[in-house]
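Input: a single structure, listed below in structure tokens.
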Amino acid sequence: MKINVLFSNLFLDELYFTGKTVVVIDVLRATTVITTALANGAREIIPVSTLDFAMKISGDAFRSQTLLCGERNTKMVEGFNLGNSPLEYRPEVVAGKSIIFYTTNGSKAIVKAKFSKNLFACSFNNLPAIARHMIQLNEDFEIICAGTNGLFNLEDAVCAGVLINQIKKLTENPELSDSANASLILSNSNTKNLFNFLCSTEHGRLLIENGFEDDILVCSKIGSTDVIPYYVSGTMKRL
Ligand code: MLT
């Protein structure tokens with residue numbers, strides 16, 4: 001099993017992902033929210049890469065069964081039903097709903113990888129379940145770190161490293177690219193206290209500044225759910 005980590009997807013064409021198995025990570029907060037929403041009974045998440053498209057498909061959708069959700073600059077977009085805080089995606093709010101989901105980095109990374117053969121969303125919350133599933137699948141795969149504005153961020157790289165570390169414990173010698181090794185090395189020195197670590201990152205500090213510190217606590221919980229979001233025909237559903 002070969003594992004490669006992409007710290008940025010900005011310069012990659014979407015066709016790069018054709019036929020590949022891919023794990024998308026946006027710890028703060030998109031993949032945490034997707035996992036939470038599906039764990040709390042959402043029917044599906046429809047990731048979109050532009051606000052215009054989010055508005056357009058929400059106009060065509062069944063209002064009572066659809067929620068328009070996500071963020072711009074960490075805050076809920078005017079006219080949306082929910083922002084991008086995992087705490088908003090409670091069972092009584094999301095159960096049975098289709099969620100149109102636009103975020104600055106996470107939803108875009110998923111849409112970019114839409115031609116993948118297999119596409120999963122990983123956060124710290126479902127990381128052990130993803131690790132076990134990747135072992136079962138036993139295929140080469142790429143980890144996309146959604147990053148910040150398409151570029152490197154530390155929390156996604158560290159989460160990739162933690163995932164690789166768990167996989168290494170479960171299978172003999174996966175073959176790691178240099179970027180996969182780099183994320184492993186980064187994760188070794190940053191995982192003693194995940195909450196403190198996430199708070200110290202650039203995006204963590206921005207979230208705290210904007211009043212979302214409680215979200216970071218949710219995002220820092222390793223293995224709080226076994227839900228695996230899986231991309232199929234334009235939507236993310238529970239595997
Ligand atoms: C994103 O997709 O860029 C993030 O989830 C931003 C956020 O924290 O809301």
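Please note that chains go A, B, ... in the order of the structure tokens, that every chain numbers its residues from 1, and that ligands are numbered from 1 in the order shown.
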Would you list the contacts of A:Ile99 as a ChimeraX atom specification, taking every protein, DNA or RNA residue within 7 Å and counting only C-alpha atoms, but skipping same-chain residues closer than 3 positions in sequence?
/A:44-46,66-69
Please report, as a VMD selection string, each residue of stretch 1-196 of chain A to which DSSP assigns alpha helix (DSSP H) when run on this structure's backbone.
chain A and resid 30 to 39 51 to 60 91 to 94 106 to 112 127 to 137 154 to 170 178 to 188 194 to 196
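Minimum distance to ligand 1 across A:Pro128, A:Gly147, A:Pro91, A:Gly41 (counting only C-alpha atoms and all ligand atoms) occurs at A:Gly147.
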Could I get the residue neighbourhood of ligand 1 at 9 Å, counting only C-alpha atoms and all ligand atoms, as a ChimeraX atom specification?
/A:26-33,70-76,83-85,102-109,146-150,203-204,206-207,212
Mind dumping the selected residues with N, CA, C and O atoms as a CSV table (one decimal), in the first residue's frame?
chain,number,residue,atom,x,y,z
A,26,ASP,N,-10.1,18.1,6.3
A,26,ASP,CA,-10.2,19.5,6.6
A,26,ASP,C,-10.7,19.5,8.1
A,26,ASP,O,-11.9,19.7,8.4
A,27,VAL,N,-9.7,19.3,9.0
A,27,VAL,CA,-10.0,19.1,10.4
A,27,VAL,C,-10.8,20.3,10.9
A,27,VAL,O,-11.8,20.2,11.6
A,28,LEU,N,-10.4,21.6,10.6
A,28,LEU,CA,-11.1,22.8,11.1
A,28,LEU,C,-11.7,23.4,9.9
A,28,LEU,O,-11.1,24.2,9.2
A,29,ARG,N,-13.0,23.2,9.6
A,29,ARG,CA,-13.9,22.3,10.3
A,29,ARG,C,-14.7,21.4,9.4
A,29,ARG,O,-15.6,20.7,9.8
A,30,ALA,N,-14.5,21.6,8.0
A,30,ALA,CA,-15.4,21.0,7.1
A,30,ALA,C,-15.6,19.5,7.2
A,30,ALA,O,-16.8,19.0,7.2
A,31,THR,N,-14.5,18.7,7.3
A,31,THR,CA,-14.7,17.2,7.3
A,31,THR,C,-15.2,16.8,8.7
A,31,THR,O,-15.9,15.8,8.8
A,32,THR,N,-15.0,17.6,9.7
A,32,THR,CA,-15.6,17.3,11.1
A,32,THR,C,-17.1,17.5,11.0
A,32,THR,O,-17.9,16.7,11.5
A,33,VAL,N,-17.5,18.6,10.3
A,33,VAL,CA,-18.9,18.9,10.2
A,33,VAL,C,-19.6,17.8,9.3
A,33,VAL,O,-20.7,17.3,9.7
A,70,GLY,N,-22.9,26.1,5.4
A,70,GLY,CA,-21.5,26.4,5.2
A,70,GLY,C,-21.1,27.7,5.7
A,70,GLY,O,-21.8,28.4,6.4
A,71,GLU,N,-19.9,28.1,5.2
A,71,GLU,CA,-19.3,29.4,5.7
A,71,GLU,C,-18.6,30.2,4.6
A,71,GLU,O,-18.2,29.6,3.6
A,72,ARG,N,-18.4,31.4,4.9
A,72,ARG,CA,-17.4,32.3,4.2
A,72,ARG,C,-16.6,33.0,5.3
A,72,ARG,O,-17.3,33.6,6.2
A,73,ASN,N,-15.3,32.9,5.3
A,73,ASN,CA,-14.5,33.6,6.3
A,73,ASN,C,-14.9,33.1,7.7
A,73,ASN,O,-15.1,33.9,8.7
A,74,THR,N,-15.2,31.8,7.8
A,74,THR,CA,-15.6,31.1,9.1
A,74,THR,C,-17.1,31.3,9.5
A,74,THR,O,-17.6,30.6,10.4
A,75,LYS,N,-17.7,32.3,8.9
A,75,LYS,CA,-19.1,32.7,9.4
A,75,LYS,C,-20.2,32.3,8.4
A,75,LYS,O,-19.9,32.1,7.2
A,76,MET,N,-21.4,32.0,9.0
A,76,MET,CA,-22.5,31.6,8.2
A,76,MET,C,-22.8,32.6,7.1
A,76,MET,O,-22.7,33.8,7.4
A,83,GLY,N,-24.3,27.5,9.6
A,83,GLY,CA,-22.9,27.8,9.3
A,83,GLY,C,-22.1,26.5,9.2
A,83,GLY,O,-22.5,25.5,8.8
A,84,ASN,N,-20.8,26.7,9.7
A,84,ASN,CA,-19.9,25.5,9.6
A,84,ASN,C,-19.4,25.1,11.0
A,84,ASN,O,-18.3,24.7,11.2
A,85,SER,N,-20.3,25.2,12.0
A,85,SER,CA,-20.0,24.7,13.3
A,85,SER,C,-20.6,23.3,13.6
A,85,SER,O,-21.8,23.2,13.4
A,102,TYR,N,-21.3,24.4,1.3
A,102,TYR,CA,-20.2,25.2,0.7
A,102,TYR,C,-19.2,25.7,1.8
A,102,TYR,O,-19.7,26.4,2.8
A,103,THR,N,-18.0,25.5,1.6
A,103,THR,CA,-17.0,26.0,2.6
A,103,THR,C,-15.8,26.5,1.8
A,103,THR,O,-15.6,26.2,0.6
A,104,THR,N,-14.9,27.3,2.5
A,104,THR,CA,-13.8,28.0,1.8
A,104,THR,C,-12.8,27.0,1.2
A,104,THR,O,-12.3,27.2,0.1
A,105,ASN,N,-12.6,25.9,1.9
A,105,ASN,CA,-11.5,24.9,1.5
A,105,ASN,C,-12.0,23.5,1.4
A,105,ASN,O,-11.8,22.8,0.4
A,106,GLY,N,-12.8,23.0,2.4
A,106,GLY,CA,-13.1,21.6,2.5
A,106,GLY,C,-14.0,21.1,1.4
A,106,GLY,O,-13.7,20.1,0.7
A,107,SER,N,-15.1,21.9,1.1
A,107,SER,CA,-16.1,21.4,0.1
A,107,SER,C,-15.4,21.5,-1.3
A,107,SER,O,-15.6,20.6,-2.1
A,108,LYS,N,-14.5,22.5,-1.4
A,108,LYS,CA,-13.8,22.6,-2.7
A,108,LYS,C,-12.9,21.5,-3.0
A,108,LYS,O,-12.8,21.0,-4.1
A,109,ALA,N,-12.2,21.0,-1.9
A,109,ALA,CA,-11.2,19.9,-2.1
A,109,ALA,C,-12.0,18.7,-2.5
A,109,ALA,O,-11.5,17.9,-3.3
A,146,ALA,N,-7.0,19.8,2.8
A,146,ALA,CA,-7.7,20.9,2.2
A,146,ALA,C,-6.9,22.2,2.4
A,146,ALA,O,-7.0,23.1,1.5
A,147,GLY,N,-6.2,22.3,3.5
A,147,GLY,CA,-5.4,23.5,3.7
A,147,GLY,C,-6.2,24.8,3.9
A,147,GLY,O,-7.4,24.8,4.2
A,148,THR,N,-5.4,25.9,3.7
A,148,THR,CA,-6.1,27.2,3.9
A,148,THR,C,-5.8,27.9,2.6
A,148,THR,O,-4.7,28.1,2.1
A,149,ASN,N,-7.0,28.3,2.0
A,149,ASN,CA,-6.9,29.0,0.7
A,149,ASN,C,-6.1,28.1,-0.3
A,149,ASN,O,-5.3,28.6,-1.1
A,150,GLY,N,-6.3,26.8,-0.2
A,150,GLY,CA,-5.6,25.9,-1.2
A,150,GLY,C,-4.2,25.6,-0.8
A,150,GLY,O,-3.5,24.8,-1.5
A,203,HIS,N,-5.5,28.9,11.8
A,203,HIS,CA,-6.9,28.8,11.6
A,203,HIS,C,-7.6,28.6,13.0
A,203,HIS,O,-8.7,29.2,13.2
A,204,GLY,N,-7.0,27.9,13.9
A,204,GLY,CA,-7.5,27.8,15.2
A,204,GLY,C,-7.6,29.1,15.9
A,204,GLY,O,-8.6,29.5,16.5
A,206,LEU,N,-7.9,32.0,14.5
A,206,LEU,CA,-9.0,32.8,13.8
A,206,LEU,C,-10.4,32.3,14.3
A,206,LEU,O,-11.2,33.2,14.6
A,207,LEU,N,-10.5,31.0,14.5
A,207,LEU,CA,-11.8,30.5,15.0
A,207,LEU,C,-12.1,31.0,16.4
A,207,LEU,O,-13.2,31.4,16.7
A,212,PHE,N,-15.5,30.7,18.0
A,212,PHE,CA,-15.8,29.2,17.8
A,212,PHE,C,-14.8,28.3,18.5
A,212,PHE,O,-14.6,27.2,18.1
Residue contacts of A:Leu170 (12 Å, only C-alpha atoms) excluding same-chain residues fewer than 6 positions away, as JSON, numbers by chain
{"A": [128, 129, 130, 131, 132, 133, 134, 135, 136, 138, 163, 164]}
I'd like the contact shell of A:Val162 - 9 Å cut-off, only C-alpha atoms, skipping same-chain residues fewer than 6 positions apart - returned as a PyMOL selection string.
chain A and resi 124+127+183-184+187-188+191
Could the residues in this selection be written to a file with N, CA, C and O atoms, as a JSON list (two decimals), in the first residue's frame?
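So part-v8.json came out as:
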[["chain", "number", "residue", "atom", "x", "y", "z"],
["A", 124, "PHE", "N", -10.39, 14.11, 12.82],
["A", 124, "PHE", "CA", -9.91, 13.34, 13.98],
["A", 124, "PHE", "C", -11.04, 12.46, 14.53],
["A", 124, "PHE", "O", -10.81, 11.36, 14.99],
["A", 127, "LEU", "N", -11.16, 9.23, 12.52],
["A", 127, "LEU", "CA", -9.86, 8.77, 12.01],
["A", 127, "LEU", "C", -9.58, 7.28, 12.24],
["A", 127, "LEU", "O", -9.16, 6.58, 11.31],
["A", 183, "SER", "N", 4.41, 14.38, 7.05],
["A", 183, "SER", "CA", 3.25, 14.57, 7.92],
["A", 183, "SER", "C", 3.36, 13.66, 9.16],
["A", 183, "SER", "O", 2.96, 14.05, 10.25],
["A", 184, "LEU", "N", 3.95, 12.49, 8.97],
["A", 184, "LEU", "CA", 4.18, 11.61, 10.12],
["A", 184, "LEU", "C", 5.11, 12.28, 11.13],
["A", 184, "LEU", "O", 4.85, 12.30, 12.34],
["A", 187, "SER", "N", 3.35, 15.04, 12.92],
["A", 187, "SER", "CA", 2.34, 14.60, 13.89],
["A", 187, "SER", "C", 3.00, 14.13, 15.19],
["A", 187, "SER", "O", 2.42, 14.25, 16.26],
["A", 188, "ASN", "N", 4.25, 13.64, 15.10],
["A", 188, "ASN", "CA", 4.91, 13.14, 16.31],
["A", 188, "ASN", "C", 5.06, 14.21, 17.38],
["A", 188, "ASN", "O", 4.95, 13.94, 18.56],
["A", 191, "THR", "N", 0.87, 16.04, 18.87],
["A", 191, "THR", "CA", -0.37, 15.35, 19.21],
["A", 191, "THR", "C", -0.52, 15.04, 20.70],
["A", 191, "THR", "O", -1.44, 14.33, 21.09]]
Write out as a PyMOL selection string each polymer residue whose atoms come within 8 Å of stretch 12-25 of chain A, counting only C-alpha atoms; drop sequence neighbours fewer than 2 positions from it.
chain A and resi 9-10+27+31+106+109-110+112-123+139-146+156+159-160
